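What follows is one structure encoded as structure tokens, with my remarks underneath.
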Amino acid sequence: MKKRTLTVATAILAATMLTSSCIGKFALFNGLLSWNQKATGNKFLNELIFIVISPAYAVCTVADALVLNTVEFWSGSNPIGKAGKVEKVWGQDGRQYAVKTLKNGYEITDPKGEKVFFIFNEKEQTWSMEENGICKEVIKFNEDGTIRATLPTGEQINVTADEAGLYSARMAVNGGCYFATIK
């Protein structure tokens, strides 16, 4: 009788752990997929690489589903995140910037070496910009689904989280003038 009870308890425990809805980012699997898609400039060669390393996809999926996503669910962060990764990005001004992913935001370094930080505060649901030791709130996600945006003038406006809200924010930043170019 004890053996049957232990078996049933083990099955129930396994079922609750496997169905706990701890769907995470699948960072390990997606990292492998991203690498595979950019491994070469030839999509046929990338497909050949995929076929050769396909068992790695299975291992990554199992590791994500059973371990890493569960850790992410309970701790709030995935141990295989992109923190520390640095990418070079071309700005609209034609200069190249280094963007470093942090645990809670981004560090952006301009060509002169000056840094600006964009930091997300999960508790307050805000993104802030820190430059030269001065921290300013940029946006806040409101409970009603709208976004409170802080304009360069310091004025704050609430906008919807869609194209109309983005248009309203652009109009407010540009003083009611929105310029478009035709290529």
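For the structure tokens, the naming scheme is as follows: chains receive sequential letters (A, B, ...) according to their order of presentation, residues are indexed from 1 within each chain, and ligands are indexed from 1 in presentation order.
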
Practice task
Quick one: everything within 10 Å of segment 91-100 of chain A, counting only C-alpha atoms, minus sequence neighbours fewer than 2 positions away in the same chain. Send it as a ChimeraX atom specification.
Solution key: /A:82-89,102-103,105-113,115-117

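When atom CA of Asn104 of chain A is paired with atom CA of Glu143 of chain A, their separation reads 20.5 Å.
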
Handout entry: Nearby residues (only C-alpha atoms) at most 12 Å from Ser168 of chain A, same-chain spacing under 3 positions excluded, as a PyMOL selection string
Key = chain A and resi 147-149+151+157-165+171-178

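Comparing A:Pro55, A:Thr150, A:Glu114, A:Tyr167 by their smallest distance to Thr126 of chain A, the closest is A:Thr150 (using only C-alpha atoms).
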